[in-house]
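Following: one structure in structure tokens, then a few remarks.
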Amino acid sequence: MNESAKVKTSSASDSCDQLMEDRISRLNEIARQLRIDIIRMTYEAGPARKGHPGGALSATDLIAALYFDFMRIDPSNPRWPNRDRFILSKGHACPVLYAALANRGYFPKEAFSSFRKIDGMLQGHPDMKSTPGVDMTAGSLGHGLSAGVGMAIAARIDKRDYNVFVLLGDGECQEGLVWEAAMVAPKYKLDNLIAILDINRLQSCDWVEATLSLEPLPAKWIAFGWNVVEIDGHDMRQVVSALEIAIHHKGKPTVIIARTVKGKGVSFMEDDNAWHQKAPNKKQFEQAVTELQGKDRKDV
């Protein structure tokens, strides 16, 4: 290779590296904003209606990458037939979904005030009849992957090329229905189905390990016939890489096992299961927003 070619190759590599850095930086900034919106939403809901900030915060980086980078969607046409589908199987973590939908333009942020209110647009679990952009109603845990299998099969039947993403909690994976769906997906070679496990190690009453251990989790999914990718669910570079692998892998479905921290981003919420279902008070809200904004940010 001559010197000119070496310079061009190096320049192209540097350009690609910079594009990736910009991409990661943009997604991290979006995730920061989503976390602020989660805290605001649950704070405004108040102690009576609570909300589930802990499990929403653990999933934020995953949701940010999906909605602001990978998913083919059109906020102006929420029922576009060729859109990618997303199912929040751990439906109680819906504040992160609502934050993503609002920031993507499905509805204005003023709708946050309706969170968990009777007849409000943003119910305590996602409702596809009430909220633009919600593809599957969720509430009872364990059902999301089965619905995702059905959507992925429907895409094949209808000769459409959309992908179906399903986000599950680790406590939820104690449900037998999850594993029935996990058996079906490889049978039909549903490579348009991507499951993402938010492994924050806590469920409503205790540590997952103390309640019913899921490990060795990667080996289980491999045994069921899935392509398995393990990541740190808060390292945006790993999140992006895993999703790239998942959408391009052919012949079998992919599961991304994302190791996360419940309450990620707010010091007093991290790994504290009291925040599974609890609204911050005014002092806690202000502290959380200050932490998320960083020392040099003044806007609330």
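By convention in this document, the chains of the structure tokens carry letters A, B, ... by their order, each chain's residues are numbered from 1, and ligands are numbered from 1 in the order they are shown.
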Helix (DSSP H, G or I) residues, from DSSP on the backbone, in range 95-159 of chain A, as an MDAnalysis selection string: chainID A and resid 95:104 109:114 144:157
Within range 50-296 of chain A, find each residue whose DSSP state, derived from the backbone, is strand (DSSP E), and express the selection as a JSON list (two decimals) with N, CA and C atoms, in the first residue's frame.
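Below you can see part.json, which holds the result:
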[["chain", "number", "residue", "atom", "x", "y", "z"],
["A", 85, "ARG", "N", -41.96, -3.32, 15.75],
["A", 85, "ARG", "CA", -42.83, -3.41, 16.93],
["A", 85, "ARG", "C", -41.98, -3.49, 18.20],
["A", 86, "PHE", "N", -42.51, -2.89, 19.27],
["A", 86, "PHE", "CA", -41.86, -2.99, 20.58],
["A", 86, "PHE", "C", -42.88, -3.39, 21.62],
["A", 87, "ILE", "N", -42.52, -4.37, 22.44],
["A", 87, "ILE", "CA", -43.38, -4.82, 23.53],
["A", 87, "ILE", "C", -42.62, -4.67, 24.84],
["A", 88, "LEU", "N", -43.18, -3.88, 25.76],
["A", 88, "LEU", "CA", -42.60, -3.76, 27.10],
["A", 88, "LEU", "C", -43.29, -4.81, 27.97],
["A", 164, "VAL", "N", -39.37, -7.31, 15.62],
["A", 164, "VAL", "CA", -40.15, -7.25, 16.86],
["A", 164, "VAL", "C", -39.17, -7.31, 18.03],
["A", 165, "PHE", "N", -39.20, -6.29, 18.86],
["A", 165, "PHE", "CA", -38.34, -6.22, 20.05],
["A", 165, "PHE", "C", -39.20, -6.40, 21.30],
["A", 166, "VAL", "N", -38.75, -7.26, 22.20],
["A", 166, "VAL", "CA", -39.48, -7.52, 23.45],
["A", 166, "VAL", "C", -38.53, -7.32, 24.61],
["A", 167, "LEU", "N", -38.88, -6.42, 25.52],
["A", 167, "LEU", "CA", -38.07, -6.17, 26.71],
["A", 167, "LEU", "C", -38.70, -6.86, 27.91],
["A", 168, "LEU", "N", -37.95, -7.76, 28.53],
["A", 168, "LEU", "CA", -38.43, -8.51, 29.69],
["A", 168, "LEU", "C", -37.59, -8.20, 30.93],
["A", 169, "GLY", "N", -38.21, -8.35, 32.10],
["A", 169, "GLY", "CA", -37.48, -8.26, 33.35],
["A", 169, "GLY", "C", -36.96, -9.63, 33.74],
["A", 193, "LEU", "N", -37.19, -11.59, 15.51],
["A", 193, "LEU", "CA", -37.58, -11.43, 16.91],
["A", 193, "LEU", "C", -36.34, -11.25, 17.76],
["A", 194, "ILE", "N", -36.32, -10.17, 18.54],
["A", 194, "ILE", "CA", -35.18, -9.87, 19.42],
["A", 194, "ILE", "C", -35.70, -9.65, 20.83],
["A", 195, "ALA", "N", -35.31, -10.54, 21.74],
["A", 195, "ALA", "CA", -35.67, -10.39, 23.15],
["A", 195, "ALA", "C", -34.52, -9.68, 23.86],
["A", 196, "ILE", "N", -34.86, -8.78, 24.76],
["A", 196, "ILE", "CA", -33.87, -8.06, 25.56],
["A", 196, "ILE", "C", -34.22, -8.28, 27.02],
["A", 197, "LEU", "N", -33.30, -8.86, 27.78],
["A", 197, "LEU", "CA", -33.54, -9.12, 29.19],
["A", 197, "LEU", "C", -32.87, -8.04, 30.04],
["A", 198, "ASP", "N", -33.68, -7.34, 30.82],
["A", 198, "ASP", "CA", -33.18, -6.30, 31.72],
["A", 198, "ASP", "C", -32.86, -6.98, 33.06],
["A", 199, "ILE", "N", -31.61, -7.39, 33.21],
["A", 199, "ILE", "CA", -31.20, -8.17, 34.38],
["A", 199, "ILE", "C", -30.72, -7.22, 35.48],
["A", 227, "ASN", "N", -29.71, -17.30, 19.62],
["A", 227, "ASN", "CA", -28.43, -16.60, 19.55],
["A", 227, "ASN", "C", -28.35, -15.69, 20.77],
["A", 228, "VAL", "N", -27.29, -15.78, 21.54],
["A", 228, "VAL", "CA", -27.19, -15.08, 22.82],
["A", 228, "VAL", "C", -26.06, -14.06, 22.80],
["A", 229, "VAL", "N", -26.38, -12.84, 23.22],
["A", 229, "VAL", "CA", -25.38, -11.77, 23.35],
["A", 229, "VAL", "C", -25.47, -11.22, 24.77],
["A", 230, "GLU", "N", -24.36, -11.19, 25.49],
["A", 230, "GLU", "CA", -24.32, -10.66, 26.85],
["A", 230, "GLU", "C", -23.64, -9.30, 26.87],
["A", 231, "ILE", "N", -24.24, -8.35, 27.59],
["A", 231, "ILE", "CA", -23.67, -7.00, 27.64],
["A", 231, "ILE", "C", -23.87, -6.34, 29.00],
["A", 232, "ASP", "N", -23.14, -5.26, 29.21],
["A", 232, "ASP", "CA", -23.42, -4.30, 30.27],
["A", 232, "ASP", "C", -24.51, -3.38, 29.71],
["A", 254, "THR", "N", -32.62, -13.79, 18.47],
["A", 254, "THR", "CA", -31.52, -13.35, 19.35],
["A", 254, "THR", "C", -32.06, -12.85, 20.67],
["A", 255, "VAL", "N", -31.37, -13.20, 21.74],
["A", 255, "VAL", "CA", -31.68, -12.62, 23.05],
["A", 255, "VAL", "C", -30.46, -11.85, 23.54],
["A", 256, "ILE", "N", -30.68, -10.61, 23.94],
["A", 256, "ILE", "CA", -29.63, -9.78, 24.52],
["A", 256, "ILE", "C", -29.79, -9.80, 26.03],
["A", 257, "ILE", "N", -28.82, -10.36, 26.71],
["A", 257, "ILE", "CA", -28.86, -10.41, 28.17],
["A", 257, "ILE", "C", -28.09, -9.20, 28.69],
["A", 258, "ALA", "N", -28.84, -8.21, 29.16],
["A", 258, "ALA", "CA", -28.26, -6.93, 29.57],
["A", 258, "ALA", "C", -28.19, -6.86, 31.10],
["A", 259, "ARG", "N", -27.00, -6.85, 31.63],
["A", 259, "ARG", "CA", -26.81, -6.73, 33.08],
["A", 259, "ARG", "C", -26.94, -5.25, 33.46]]
Within 9 Å of Pro95 in chain A, counting only C-alpha atoms, which residues qualify if same-chain residues fewer than 3 places away don't, as number ranges by chain? A: 34, 37-39, 41-42, 51-53, 56-57, 92, 98-100, 112, 115, 122, 124-125
Leaving out His143 in chain A and any residue of its chain fewer than 5 positions from it, which residues lie within 8 Å of it when counting only C-alpha atoms, given as a list in words?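 Contacts, in chain order: Ser89, Ala138, Leu177 and Val178 of chain A.
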Using only N, CA and C atoms, please write the residues we just selected to a file, as a CSV table (one decimal), in the first residue's frame.
chain,number,residue,atom,x,y,z
A,89,SER,N,-42.7,-6.0,28.0
A,89,SER,CA,-43.3,-7.1,28.7
A,89,SER,C,-43.4,-6.8,30.2
A,138,ALA,N,-49.7,-4.4,28.2
A,138,ALA,CA,-49.0,-5.2,29.2
A,138,ALA,C,-49.4,-5.0,30.6
A,177,LEU,N,-44.6,-19.2,31.0
A,177,LEU,CA,-45.0,-18.8,29.6
A,177,LEU,C,-43.8,-18.2,28.8
A,178,VAL,N,-42.9,-17.6,29.5
A,178,VAL,CA,-41.7,-17.1,28.8
A,178,VAL,C,-40.9,-18.2,28.1
Using only C-alpha atoms, which residues sit within 12 Å of Thr211 in chain A once same-chain residues fewer than 4 positions away are excluded, as a count of residues only? 12
For Met71 in chain A, list every protein, DNA or RNA residue within 6 Å, evaluated using only C-alpha atoms, and leave out those in the same chain fewer than 4 positions away; present the list as a ChimeraX atom specification. /A:66-67,84
Using the selection just defined, write its residues with C-alpha atoms as an mmCIF file, in the first residue's frame.
data_model
loop_
_atom_site.group_PDB
_atom_site.id
_atom_site.type_symbol
_atom_site.label_atom_id
_atom_site.label_comp_id
_atom_site.auth_asym_id
_atom_site.auth_seq_id
_atom_site.Cartn_x
_atom_site.Cartn_y
_atom_site.Cartn_z
ATOM 1 C CA LEU A 66 -34.073 1.323 20.371
ATOM 2 C CA TYR A 67 -36.274 4.384 19.932
ATOM 3 C CA ASP A 84 -40.868 -2.197 13.908
#
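Residue nearest Cys94 in chain A, chosen from A:Pro47, A:Gly55, A:Pro216, A:Gly142 and counting only C-alpha atoms: A:Gly55.
One distance worth recording is that between CA of Lys250 in chain A and CA of Ala152 in chain A, which is 13.7 Å.
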